[in-house]
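K.L.:
Pasting run_8.pdb below, which is PDB, C-alpha atoms, pLDDT in the B column.
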```pdb
ATOM      1  CA  MET A1495     150.636  96.199  80.902  1.00 51.00           C
ATOM      2  CA  SER A1496     153.570  98.613  81.216  1.00 50.00           C
ATOM      3  CA  TRP A1497     154.744  99.957  84.566  1.00 47.00           C
ATOM      4  CA  ARG A1498     153.780 103.431  83.405  1.00 49.00           C
ATOM      5  CA  LYS A1499     150.190 102.356  82.789  1.00 46.00           C
ATOM      6  CA  ILE A1500     150.126 100.539  86.116  1.00 42.00           C
ATOM      7  CA  SER A1501     151.383 103.685  87.871  1.00 45.00           C
ATOM      8  CA  VAL A1502     148.743 105.813  86.193  1.00 40.00           C
ATOM      9  CA  LEU A1503     146.011 103.317  87.084  1.00 44.00           C
ATOM     10  CA  TYR A1504     147.203 103.173  90.697  1.00 44.00           C
ATOM     11  CA  ALA A1505     147.189 106.963  90.919  1.00 41.00           C
ATOM     12  CA  LEU A1506     143.645 107.095  89.572  1.00 45.00           C
ATOM     13  CA  LEU A1507     142.443 104.485  92.075  1.00 45.00           C
ATOM     14  CA  VAL A1508     144.055 106.281  95.003  1.00 41.00           C
ATOM     15  CA  GLY A1509     142.597 109.572  93.808  1.00 47.00           C
ATOM     16  CA  ALA A1510     139.146 108.023  93.511  1.00 45.00           C
ATOM     17  CA  SER A1511     139.402 106.583  97.015  1.00 43.00           C
ATOM     18  CA  ILE A1512     140.400 109.932  98.484  1.00 38.00           C
ATOM     19  CA  ALA A1513     137.575 111.640  96.604  1.00 39.00           C
ATOM     20  CA  THR A1514     135.081 109.078  97.933  1.00 40.00           C
ATOM     21  CA  VAL A1515     136.215 109.587 101.534  1.00 37.00           C
ATOM     22  CA  SER A1516     136.159 113.367 101.113  1.00 35.00           C
ATOM     23  CA  GLN A1517     132.677 113.189  99.622  1.00 41.00           C
ATOM     24  CA  ALA A1518     131.430 111.042 102.511  1.00 41.00           C
ATOM     25  CA  TRP A1519     132.710 113.509 105.075  1.00 43.00           C
ATOM     26  CA  ALA A1520     131.338 116.387 103.028  1.00 49.00           C
ATOM     27  CA  GLU A1521     127.764 115.118 103.548  1.00 88.00           C
ATOM     28  CA  THR A1522     125.797 117.399 105.841  1.00 94.00           C
ATOM     29  CA  LEU A1523     122.565 116.957 107.736  1.00 97.00           C
ATOM     30  CA  LYS A1524     120.360 119.601 109.309  1.00 97.00           C
ATOM     31  CA  VAL A1525     119.888 118.741 112.990  1.00 98.00           C
ATOM     32  CA  LEU A1526     117.253 120.473 115.133  1.00 98.00           C
ATOM     33  CA  THR A1527     116.754 120.563 118.871  1.00 98.00           C
ATOM     34  CA  GLU A1528     115.665 122.912 121.678  1.00 97.00           C
ATOM     35  CA  GLU A1529     116.931 124.332 124.974  1.00 96.00           C
ATOM     36  CA  PHE A1530     116.354 121.327 127.228  1.00 96.00           C
ATOM     37  CA  PRO A1531     119.267 120.948 129.664  1.00 95.00           C
ATOM     38  CA  PRO A1532     121.050 118.713 130.492  1.00 96.00           C
ATOM     39  CA  TYR A1533     120.021 116.835 127.320  1.00 97.00           C
ATOM     40  CA  ASN A1534     120.546 119.687 124.850  1.00 97.00           C
ATOM     41  CA  TYR A1535     121.256 123.368 125.458  1.00 97.00           C
ATOM     42  CA  THR A1536     123.430 126.275 124.332  1.00 97.00           C
ATOM     43  CA  GLU A1537     126.522 127.223 126.302  1.00 97.00           C
ATOM     44  CA  ASN A1538     129.108 129.742 125.111  1.00 96.00           C
ATOM     45  CA  ALA A1539     127.370 129.890 121.712  1.00 96.00           C
ATOM     46  CA  LYS A1540     127.699 126.115 121.304  1.00 97.00           C
ATOM     47  CA  ILE A1541     124.990 123.463 121.485  1.00 98.00           C
ATOM     48  CA  THR A1542     125.999 120.845 124.019  1.00 98.00           C
ATOM     49  CA  GLY A1543     124.460 118.353 126.475  1.00 98.00           C
ATOM     50  CA  PHE A1544     124.200 114.588 126.824  1.00 98.00           C
ATOM     51  CA  SER A1545     121.827 113.997 123.898  1.00 98.00           C
ATOM     52  CA  THR A1546     123.809 116.386 121.715  1.00 98.00           C
ATOM     53  CA  GLU A1547     127.035 114.490 122.272  1.00 98.00           C
ATOM     54  CA  VAL A1548     125.287 111.185 121.556  1.00 98.00           C
ATOM     55  CA  VAL A1549     123.975 112.515 118.248  1.00 98.00           C
ATOM     56  CA  GLN A1550     127.400 113.928 117.406  1.00 98.00           C
ATOM     57  CA  ALA A1551     128.987 110.538 118.107  1.00 98.00           C
ATOM     58  CA  VAL A1552     126.469 108.817 115.825  1.00 98.00           C
ATOM     59  CA  LEU A1553     127.097 111.284 112.996  1.00 98.00           C
ATOM     60  CA  LYS A1554     130.838 110.845 113.383  1.00 98.00           C
ATOM     61  CA  GLU A1555     130.395 107.076 113.200  1.00 98.00           C
ATOM     62  CA  VAL A1556     128.463 107.299 109.915  1.00 98.00           C
ATOM     63  CA  LYS A1557     130.694 110.093 108.540  1.00 97.00           C
ATOM     64  CA  ILE A1558     128.065 112.816 108.248  1.00 98.00           C
ATOM     65  CA  GLN A1559     128.542 116.411 109.316  1.00 97.00           C
ATOM     66  CA  GLY A1560     125.729 117.858 111.403  1.00 97.00           C
ATOM     67  CA  GLU A1561     124.495 121.436 111.148  1.00 98.00           C
ATOM     68  CA  PHE A1562     122.987 121.853 114.614  1.00 98.00           C
ATOM     69  CA  GLN A1563     120.383 124.475 115.397  1.00 98.00           C
ATOM     70  CA  SER A1564     118.430 125.179 118.585  1.00 98.00           C
ATOM     71  CA  MET A1565     114.961 126.758 118.378  1.00 97.00           C
ATOM     72  CA  PRO A1566     111.611 126.751 120.210  1.00 96.00           C
ATOM     73  CA  TRP A1567     110.262 123.221 120.304  1.00 96.00           C
ATOM     74  CA  ALA A1568     107.061 123.863 118.333  1.00 95.00           C
ATOM     75  CA  ARG A1569     109.100 125.255 115.440  1.00 97.00           C
ATOM     76  CA  ALA A1570     111.644 122.423 115.499  1.00 97.00           C
ATOM     77  CA  TYR A1571     108.840 119.867 115.701  1.00 97.00           C
ATOM     78  CA  GLU A1572     106.970 121.323 112.730  1.00 97.00           C
ATOM     79  CA  THR A1573     110.111 121.733 110.608  1.00 97.00           C
ATOM     80  CA  ALA A1574     111.342 118.190 111.167  1.00 96.00           C
ATOM     81  CA  GLN A1575     107.882 116.769 110.590  1.00 94.00           C
ATOM     82  CA  SER A1576     107.323 118.517 107.274  1.00 91.00           C
ATOM     83  CA  ALA A1577     110.842 118.466 105.773  1.00 92.00           C
ATOM     84  CA  ASP A1578     112.877 115.590 104.355  1.00 89.00           C
ATOM     85  CA  ASN A1579     116.279 114.626 105.751  1.00 93.00           C
ATOM     86  CA  VAL A1580     116.013 116.808 108.868  1.00 97.00           C
ATOM     87  CA  LEU A1581     116.996 115.139 112.135  1.00 98.00           C
ATOM     88  CA  ILE A1582     115.348 116.097 115.440  1.00 98.00           C
ATOM     89  CA  TYR A1583     116.287 115.175 119.036  1.00 98.00           C
ATOM     90  CA  SER A1584     115.513 114.722 122.004  1.00 97.00           C
ATOM     91  CA  ILE A1585     111.982 113.723 121.043  1.00 97.00           C
ATOM     92  CA  GLY A1586     109.554 111.546 122.971  1.00 95.00           C
ATOM     93  CA  ARG A1587     107.896 108.717 121.056  1.00 94.00           C
ATOM     94  CA  THR A1588     104.129 108.480 121.542  1.00 92.00           C
ATOM     95  CA  PRO A1589     101.223 106.869 119.663  1.00 92.00           C
ATOM     96  CA  GLN A1590     100.201 110.358 118.523  1.00 92.00           C
ATOM     97  CA  ARG A1591     103.614 110.909 116.919  1.00 95.00           C
ATOM     98  CA  GLU A1592     104.304 107.371 115.710  1.00 95.00           C
ATOM     99  CA  LYS A1593     103.443 107.829 112.020  1.00 95.00           C
ATOM    100  CA  LEU A1594     104.633 111.431 111.824  1.00 96.00           C
ATOM    101  CA  PHE A1595     108.294 110.461 112.130  1.00 97.00           C
ATOM    102  CA  LYS A1596     110.772 107.725 111.318  1.00 97.00           C
ATOM    103  CA  TRP A1597     112.458 106.720 114.548  1.00 98.00           C
ATOM    104  CA  VAL A1598     116.224 106.176 114.571  1.00 98.00           C
ATOM    105  CA  GLY A1599     116.533 104.993 118.169  1.00 98.00           C
ATOM    106  CA  VAL A1600     116.698 105.879 121.865  1.00 98.00           C
ATOM    107  CA  ILE A1601     119.465 108.316 122.790  1.00 98.00           C
ATOM    108  CA  ALA A1602     118.664 109.223 126.424  1.00 97.00           C
ATOM    109  CA  PRO A1603     116.724 107.922 129.449  1.00 94.00           C
ATOM    110  CA  THR A1604     113.781 109.793 130.941  1.00 94.00           C
ATOM    111  CA  GLN A1605     111.099 109.687 133.637  1.00 94.00           C
ATOM    112  CA  TYR A1606     108.198 112.148 133.749  1.00 97.00           C
ATOM    113  CA  TYR A1607     106.417 113.478 136.841  1.00 98.00           C
ATOM    114  CA  LEU A1608     103.874 116.055 137.822  1.00 98.00           C
ATOM    115  CA  PHE A1609     105.973 118.190 140.164  1.00 98.00           C
ATOM    116  CA  SER A1610     104.612 120.487 142.877  1.00 98.00           C
ATOM    117  CA  LEU A1611     105.978 122.540 145.754  1.00 98.00           C
ATOM    118  CA  PRO A1612     106.659 120.329 148.817  1.00 97.00           C
ATOM    119  CA  GLN A1613     104.631 122.577 151.110  1.00 97.00           C
ATOM    120  CA  ARG A1614     101.513 122.041 148.985  1.00 96.00           C
ATOM    121  CA  LYS A1615     101.537 118.321 149.864  1.00 96.00           C
ATOM    122  CA  LEU A1616      99.818 117.378 146.592  1.00 97.00           C
ATOM    123  CA  LYS A1617      99.696 113.666 145.856  1.00 97.00           C
ATOM    124  CA  PHE A1618      97.587 111.861 143.255  1.00 97.00           C
ATOM    125  CA  ASP A1619      96.637 108.243 142.725  1.00 96.00           C
ATOM    126  CA  ARG A1620      95.180 108.934 139.275  1.00 97.00           C
ATOM    127  CA  LEU A1621      96.086 111.454 136.611  1.00 98.00           C
ATOM    128  CA  ASP A1622      92.542 112.805 136.273  1.00 97.00           C
ATOM    129  CA  GLN A1623      92.716 114.021 139.875  1.00 98.00           C
ATOM    130  CA  ALA A1624      95.074 116.742 138.607  1.00 98.00           C
ATOM    131  CA  LYS A1625      92.444 118.256 136.277  1.00 98.00           C
ATOM    132  CA  SER A1626      91.260 120.731 138.917  1.00 97.00           C
ATOM    133  CA  PHE A1627      94.757 122.232 139.161  1.00 98.00           C
ATOM    134  CA  GLN A1628      96.794 124.555 136.941  1.00 98.00           C
ATOM    135  CA  ILE A1629      99.676 122.754 135.198  1.00 98.00           C
ATOM    136  CA  ALA A1630     102.689 124.333 133.493  1.00 98.00           C
ATOM    137  CA  THR A1631     103.540 122.905 130.047  1.00 98.00           C
ATOM    138  CA  VAL A1632     105.610 123.805 126.967  1.00 96.00           C
ATOM    139  CA  ASN A1633     103.949 124.368 123.601  1.00 94.00           C
ATOM    140  CA  GLU A1634     103.827 121.120 121.544  1.00 93.00           C
ATOM    141  CA  ASP A1635     106.062 119.370 124.074  1.00 94.00           C
ATOM    142  CA  VAL A1636     105.372 115.674 124.606  1.00 94.00           C
ATOM    143  CA  GLY A1637     104.102 116.381 128.133  1.00 96.00           C
ATOM    144  CA  GLU A1638     101.566 118.897 126.877  1.00 97.00           C
ATOM    145  CA  GLN A1639     100.440 116.590 124.058  1.00 96.00           C
ATOM    146  CA  PHE A1640     100.106 113.722 126.540  1.00 96.00           C
ATOM    147  CA  LEU A1641      97.864 115.708 128.873  1.00 97.00           C
ATOM    148  CA  MET A1642      95.733 117.149 126.071  1.00 97.00           C
ATOM    149  CA  ALA A1643      95.128 113.644 124.730  1.00 96.00           C
ATOM    150  CA  ARG A1644      93.712 112.803 128.174  1.00 97.00           C
ATOM    151  CA  GLY A1645      91.231 115.628 128.439  1.00 97.00           C
ATOM    152  CA  PHE A1646      93.346 118.492 129.754  1.00 98.00           C
ATOM    153  CA  ALA A1647      93.099 121.773 127.830  1.00 97.00           C
ATOM    154  CA  LYS A1648      95.126 124.947 127.309  1.00 96.00           C
ATOM    155  CA  GLY A1649      93.563 127.920 129.025  1.00 95.00           C
ATOM    156  CA  ILE A1650      91.585 125.710 131.384  1.00 97.00           C
ATOM    157  CA  ASN A1651      94.061 123.589 133.331  1.00 97.00           C
ATOM    158  CA  LEU A1652      97.182 123.898 131.166  1.00 98.00           C
ATOM    159  CA  GLN A1653      99.383 127.005 131.031  1.00 97.00           C
ATOM    160  CA  SER A1654     101.629 126.727 127.984  1.00 96.00           C
ATOM    161  CA  SER A1655     105.053 128.408 127.724  1.00 94.00           C
ATOM    162  CA  VAL A1656     107.917 128.348 125.234  1.00 92.00           C
ATOM    163  CA  LYS A1657     110.748 127.885 127.761  1.00 91.00           C
ATOM    164  CA  TYR A1658     111.110 125.173 130.384  1.00 93.00           C
ATOM    165  CA  GLU A1659     112.799 127.437 132.931  1.00 92.00           C
ATOM    166  CA  LEU A1660     109.764 129.758 132.880  1.00 95.00           C
ATOM    167  CA  ASN A1661     107.632 126.900 134.153  1.00 97.00           C
ATOM    168  CA  TYR A1662     109.888 126.297 137.142  1.00 97.00           C
ATOM    169  CA  GLU A1663     109.633 130.017 137.948  1.00 97.00           C
ATOM    170  CA  LYS A1664     105.825 129.832 137.647  1.00 97.00           C
ATOM    171  CA  LEU A1665     105.732 126.881 140.033  1.00 98.00           C
ATOM    172  CA  LYS A1666     107.912 128.604 142.636  1.00 97.00           C
ATOM    173  CA  ALA A1667     105.865 131.813 142.388  1.00 97.00           C
ATOM    174  CA  GLY A1668     102.603 129.904 142.901  1.00 97.00           C
ATOM    175  CA  ARG A1669     101.246 130.879 139.468  1.00 97.00           C
ATOM    176  CA  VAL A1670     100.694 127.186 138.709  1.00 98.00           C
ATOM    177  CA  ASP A1671     100.074 124.233 140.991  1.00 98.00           C
ATOM    178  CA  LEU A1672     101.892 121.555 139.009  1.00 98.00           C
ATOM    179  CA  TRP A1673     104.631 121.214 136.413  1.00 98.00           C
ATOM    180  CA  ILE A1674     104.879 118.272 134.010  1.00 98.00           C
ATOM    181  CA  MET A1675     108.558 117.584 133.386  1.00 97.00           C
ATOM    182  CA  THR A1676     111.164 114.874 133.057  1.00 95.00           C
ATOM    183  CA  GLU A1677     113.148 114.365 136.239  1.00 95.00           C
ATOM    184  CA  LEU A1678     116.644 115.222 134.961  1.00 94.00           C
ATOM    185  CA  VAL A1679     115.525 118.550 133.505  1.00 95.00           C
ATOM    186  CA  ALA A1680     113.528 119.522 136.599  1.00 96.00           C
ATOM    187  CA  VAL A1681     116.475 118.794 138.893  1.00 95.00           C
ATOM    188  CA  TYR A1682     118.899 120.604 136.594  1.00 95.00           C
ATOM    189  CA  LEU A1683     116.756 123.756 136.364  1.00 96.00           C
ATOM    190  CA  ALA A1684     116.205 123.836 140.114  1.00 96.00           C
ATOM    191  CA  ARG A1685     119.953 123.685 140.718  1.00 95.00           C
ATOM    192  CA  GLN A1686     120.587 126.330 138.042  1.00 94.00           C
ATOM    193  CA  ALA A1687     118.212 128.594 139.970  1.00 95.00           C
ATOM    194  CA  GLY A1688     120.284 128.046 143.124  1.00 97.00           C
ATOM    195  CA  ASP A1689     117.758 125.742 144.780  1.00 97.00           C
ATOM    196  CA  GLU A1690     118.102 122.311 146.349  1.00 96.00           C
ATOM    197  CA  PRO A1691     115.750 120.083 144.299  1.00 96.00           C
ATOM    198  CA  SER A1692     114.791 117.913 147.265  1.00 93.00           C
ATOM    199  CA  LYS A1693     113.503 121.025 149.038  1.00 96.00           C
ATOM    200  CA  SER A1694     111.921 122.853 146.095  1.00 97.00           C
ATOM    201  CA  LEU A1695     110.302 119.989 144.156  1.00 98.00           C
ATOM    202  CA  ALA A1696     107.877 117.246 145.164  1.00 98.00           C
ATOM    203  CA  ARG A1697     106.877 114.361 142.901  1.00 98.00           C
ATOM    204  CA  SER A1698     103.091 114.448 143.003  1.00 98.00           C
ATOM    205  CA  PHE A1699     102.459 111.823 140.321  1.00 98.00           C
ATOM    206  CA  ALA A1700     104.730 109.531 138.314  1.00 97.00           C
ATOM    207  CA  ILE A1701     103.699 109.367 134.648  1.00 96.00           C
ATOM    208  CA  ASN A1702     105.057 105.945 133.827  1.00 92.00           C
ATOM    209  CA  ASP A1703     103.377 105.590 130.443  1.00 88.00           C
ATOM    210  CA  LEU A1704     104.966 108.741 129.004  1.00 90.00           C
ATOM    211  CA  GLY A1705     108.377 108.352 127.352  1.00 76.00           C
ATOM    212  CA  SER A1706     109.429 105.554 129.696  1.00 78.00           C
ATOM    213  CA  ASP A1707     111.649 104.049 127.009  1.00 89.00           C
ATOM    214  CA  GLY A1708     113.569 107.328 126.642  1.00 95.00           C
ATOM    215  CA  TYR A1709     114.133 110.174 124.205  1.00 97.00           C
ATOM    216  CA  TYR A1710     114.757 109.473 120.524  1.00 98.00           C
ATOM    217  CA  MET A1711     116.411 110.913 117.466  1.00 98.00           C
ATOM    218  CA  ALA A1712     114.026 110.894 114.510  1.00 98.00           C
ATOM    219  CA  PHE A1713     113.369 112.084 110.947  1.00 98.00           C
ATOM    220  CA  GLY A1714     110.239 113.284 109.175  1.00 95.00           C
ATOM    221  CA  ALA A1715     108.129 110.530 107.614  1.00 94.00           C
ATOM    222  CA  ASN A1716     109.242 111.308 104.042  1.00 92.00           C
ATOM    223  CA  THR A1717     112.939 110.747 104.762  1.00 96.00           C
ATOM    224  CA  PRO A1718     114.433 107.775 102.830  1.00 96.00           C
ATOM    225  CA  ASP A1719     114.613 104.569 104.870  1.00 97.00           C
ATOM    226  CA  ALA A1720     118.256 104.117 103.871  1.00 97.00           C
ATOM    227  CA  LEU A1721     119.282 107.280 105.751  1.00 97.00           C
ATOM    228  CA  VAL A1722     117.273 106.310 108.818  1.00 97.00           C
ATOM    229  CA  GLU A1723     118.840 102.841 108.818  1.00 98.00           C
ATOM    230  CA  ARG A1724     122.321 104.297 108.392  1.00 98.00           C
ATOM    231  CA  LEU A1725     121.991 106.371 111.552  1.00 98.00           C
ATOM    232  CA  SER A1726     120.272 103.529 113.387  1.00 98.00           C
ATOM    233  CA  LYS A1727     123.283 101.303 112.721  1.00 98.00           C
ATOM    234  CA  GLY A1728     125.591 104.096 113.848  1.00 98.00           C
ATOM    235  CA  LEU A1729     123.665 104.426 117.107  1.00 98.00           C
ATOM    236  CA  ALA A1730     123.872 100.662 117.675  1.00 98.00           C
ATOM    237  CA  THR A1731     127.621 100.808 117.082  1.00 98.00           C
ATOM    238  CA  ILE A1732     128.322 103.506 119.675  1.00 98.00           C
ATOM    239  CA  LYS A1733     126.181 101.615 122.184  1.00 98.00           C
ATOM    240  CA  ASN A1734     128.177  98.441 121.560  1.00 98.00           C
ATOM    241  CA  ASN A1735     131.670  99.945 121.563  1.00 98.00           C
ATOM    242  CA  GLY A1736     131.405 101.770 124.907  1.00 97.00           C
ATOM    243  CA  THR A1737     131.024 105.321 123.583  1.00 98.00           C
ATOM    244  CA  TYR A1738     127.440 105.674 124.788  1.00 98.00           C
ATOM    245  CA  GLU A1739     128.198 104.425 128.316  1.00 97.00           C
ATOM    246  CA  ALA A1740     131.141 106.814 128.570  1.00 98.00           C
ATOM    247  CA  LEU A1741     128.847 109.725 127.685  1.00 97.00           C
ATOM    248  CA  LYS A1742     126.273 108.601 130.277  1.00 94.00           C
ATOM    249  CA  LYS A1743     128.957 108.591 132.973  1.00 94.00           C
ATOM    250  CA  LYS A1744     130.059 112.065 131.901  1.00 95.00           C
ATOM    251  CA  TRP A1745     126.610 113.679 131.889  1.00 94.00           C
ATOM    252  CA  LEU A1746     124.103 111.763 134.008  1.00 86.00           C
TER     253      LEU A1746
END
```
Take the structure in this file and express it as structure tokens.

P.N.:
Amino acid sequence: MSWRKISVLYALLVGASIATVSQAWAETLKVLTEEFPPYNYTENAKITGFSTEVVQAVLKEVKIQGEFQSMPWARAYETAQSADNVLIYSIGRTPQREKLFKWVGVIAPTQYYLFSLPQRKLKFDRLDQAKSFQIATVNEDVGEQFLMARGFAKGINLQSSVKYELNYEKLKAGRVDLWIMTELVAVYLARQAGDEPSKSLARSFAINDLGSDGYYMAFGANTPDALVERLSKGLATIKNNGTYEALKKKWL
């Protein structure tokens, strides 16, 4: 083979390699979430937060661009559930949701409580003791779904909202007795309102069987397994190479 042919072949191979890399980075994925600080929220017109940065790190690892969008949870939940190749986070994994999604992996820790005002001195040994009280929830949120699956009902003992901060305001104003919420979000919202969480929030009941393994990133059930596995491997990589721990130290 002549040197000229070799040079041409080499140029073609290099060009093909560059095209392949460019194509990989050109892949995009629709990514949905909600306003749920400090996990995911909008600041200065940019979606940020601990979970957001974890998802971004995973996408960078697998060379996929993410088109992030924040919307009310019920809308994000329905869109991700019904569409292919749409990623949603931070989502709690429950038996009710198990077959509706394909689960990539855990991206953030969580612990749920029924919160009350300290001066109310409400304390429960069993969840059903809370059924005679008004509880603030968010529409289609995992906390609301959890309570409804255990006999609570909207309009009877559940007051459903579309924003988490509204529920903290309801609790402080005495419009509800209890607020089902993960600890990090409750503490964050109390501080954002200028309150000291230890003085404005009391843990009336620990819900240990709700989301105790953490929040996930997930796809709708019709998404190809290969894409789910690709992101799952990317998540495992950032947990093994120290990226995930660095983000935890930054945010939590």

K.L.:
Figure out the distance between atom CA of A:Leu1665 and atom CA of A:Ser1610, please, to one decimal in Å.

P.N.:
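If I compute the distance from atom CA of A:Ser1610 to atom CA of A:Leu1665, I get 7.1 Å.
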
K.L.:
List every residue of stretch 1684-1744 of chain A that has an atom at most 10 Å from any atom of stretch 1621-1630 of chain A, giving for each one its closest atom pair and the distance in Å to one decimal, counting all atoms listed in the file, sorted by chain and then by ascending residue number, as CSV.

P.N.:
```
residue,atom,partner,partner_atom,distance
A:Ser1698,CA,A:Ala1624,CA,9.4
A:Phe1699,CA,A:Leu1621,CA,7.4
A:Ala1700,CA,A:Leu1621,CA,9.0
A:Ile1701,CA,A:Leu1621,CA,8.1
```

K.L.:
List the neighbours of stretch 1637-1650 of chain A out to 12 Å using all atoms listed in the file; skip same-chain residues closer than 2 positions along the sequence, and give me the result as a PyMOL selection string.

P.N.:
chain A and resi 1567-1568+1585-1591+1605-1608+1620-1635+1652-1656+1658+1670+1673-1676+1701-1705

K.L.:
Within 9 Å of A:Leu1741, counting only C-alpha atoms, which residues show up once you throw out same-chain ones fewer than 4 positions away? Write them as a VMD selection string, please.

P.N.:
chain A and resid 1544 1547 to 1548 1736 to 1737 1745 to 1746

K.L.:
I need the residues from that last selection saved to file as a short mmCIF file (atom, residue, chain, number, x, y, z; two decimals), in the frame of the given file (with C-alpha atoms), if you can.

P.N.:
```cif
data_model
loop_
_atom_site.label_atom_id
_atom_site.label_comp_id
_atom_site.auth_asym_id
_atom_site.auth_seq_id
_atom_site.Cartn_x
_atom_site.Cartn_y
_atom_site.Cartn_z
CA PHE A 1544 124.20 114.59 126.82
CA GLU A 1547 127.04 114.49 122.27
CA VAL A 1548 125.29 111.18 121.56
CA GLY A 1736 131.40 101.77 124.91
CA THR A 1737 131.02 105.32 123.58
CA TRP A 1745 126.61 113.68 131.89
CA LEU A 1746 124.10 111.76 134.01
#
```

K.L.:
Could you please determine the separation between atom CA of A:Gly1728 and atom CA of A:Leu1678 in Å, to one decimal place?

P.N.:
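Calculated distance between atom CA of A:Gly1728 and atom CA of A:Leu1678 is 25.5 Å.
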
K.L.:
May I ask which of the residues A:Val1679, A:Ser1545, A:Lys1693, A:Asp1707 is the closest one to A:Asn1661, counting all atoms listed in the file?

P.N.:
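The answer is A:Val1679, which sits nearest to A:Asn1661.
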
K.L.:
What separation in Å, quoted to one decimal, exists between atom CA of A:Ala1570 and atom CA of A:Glu1677?

P.N.:
22.3 Å

K.L.:
If the PyMOL selection byres ((chain A and resi 1550) around 12) were run on this exact file, what residues would it hold? Put them as a ChimeraX atom specification.

P.N.:
/A:1523,1525,1534,1541-1549,1551-1562,1581,1583,1601,1711,1725,1728-1729,1732,1737-1738,1741

K.L.:
Using all atoms listed in the file, determine which residues lie at most 7 Å from stretch 1573-1575 of chain A, disregarding the query and same-chain residues fewer than 5 positions distant; provide the list as a list of chain:residue names.

P.N.:
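Those residues are A:Val1580, A:Leu1581, A:Ile1582, A:Leu1594, A:Phe1595, A:Phe1713, A:Gly1714, A:Ala1715.
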
K.L.:
Quick one: write out the picked residues with C-alpha atoms as a PDB file, in the coordinates of the input?

P.N.:
```pdb
ATOM      1  CA  VAL A1580     116.013 116.808 108.868  1.00 97.00           C
ATOM      2  CA  LEU A1581     116.996 115.139 112.135  1.00 98.00           C
ATOM      3  CA  ILE A1582     115.348 116.097 115.440  1.00 98.00           C
ATOM      4  CA  LEU A1594     104.633 111.431 111.824  1.00 96.00           C
ATOM      5  CA  PHE A1595     108.294 110.461 112.130  1.00 97.00           C
ATOM      6  CA  PHE A1713     113.369 112.084 110.947  1.00 98.00           C
ATOM      7  CA  GLY A1714     110.239 113.284 109.175  1.00 95.00           C
ATOM      8  CA  ALA A1715     108.129 110.530 107.614  1.00 94.00           C
TER       9      ALA A1715
END
```

K.L.:
Give the padded box for stretch 1659-1678 of chain A as lines of an AutoDock Vina configuration file: axis-aligned, covering all atoms listed in the file, 4 Å on each side, centre and edge lengths in Å to one decimal.

P.N.:
```
center_x = 108.4
center_y = 123.1
center_z = 137.9
size_x = 24.6
size_y = 25.4
size_z = 18.0
```

K.L.:
Identify which of the residues A:Gln1613, A:Thr1604, A:Ser1584, A:Ser1576 lies closest to A:Thr1527, counting only C-alpha atoms when measuring atom-to-atom distances.

P.N.:
A:Ser1584

K.L.:
Which neighbours of stretch 1684-1691 of chain A fall inside 10 Å, counting all atoms listed in the file, when residues of the same chain fewer than 5 positions from it are skipped, and could you give them as a list in words?

P.N.:
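Counting all atoms listed in the file, the residues come to Glu1659, Tyr1662, Glu1663, Lys1666, Val1679 and Ala1696 of chain A.
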
K.L.:
Assuming the chain letters and numbering stay as they are in my file, what does the PyMOL selection byres ((chain A and resi 1722) around 10) actually select? List them as a VMD selection string.

P.N.:
chain A and resid 1579 1581 1596 to 1599 1711 to 1714 1717 to 1721 1723 to 1728

K.L.:
Could you check which of A:Arg1669, A:Pro1531, A:Tyr1709, A:Asn1735 is closest to A:Val1681, using all atoms listed in the file?

P.N.:
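Ranking A:Arg1669, A:Pro1531, A:Tyr1709, A:Asn1735 by distance to A:Val1681, first place goes to A:Pro1531.
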
K.L.:
So, with all atoms listed in the file as the atoms that count, which of A:Ala1740, A:Leu1611, A:Ala1667, A:Leu1616 lies closest to A:Ser1694?

P.N.:
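When distances to A:Ser1694 are compared using all atoms listed in the file, the smallest one comes from A:Leu1611.
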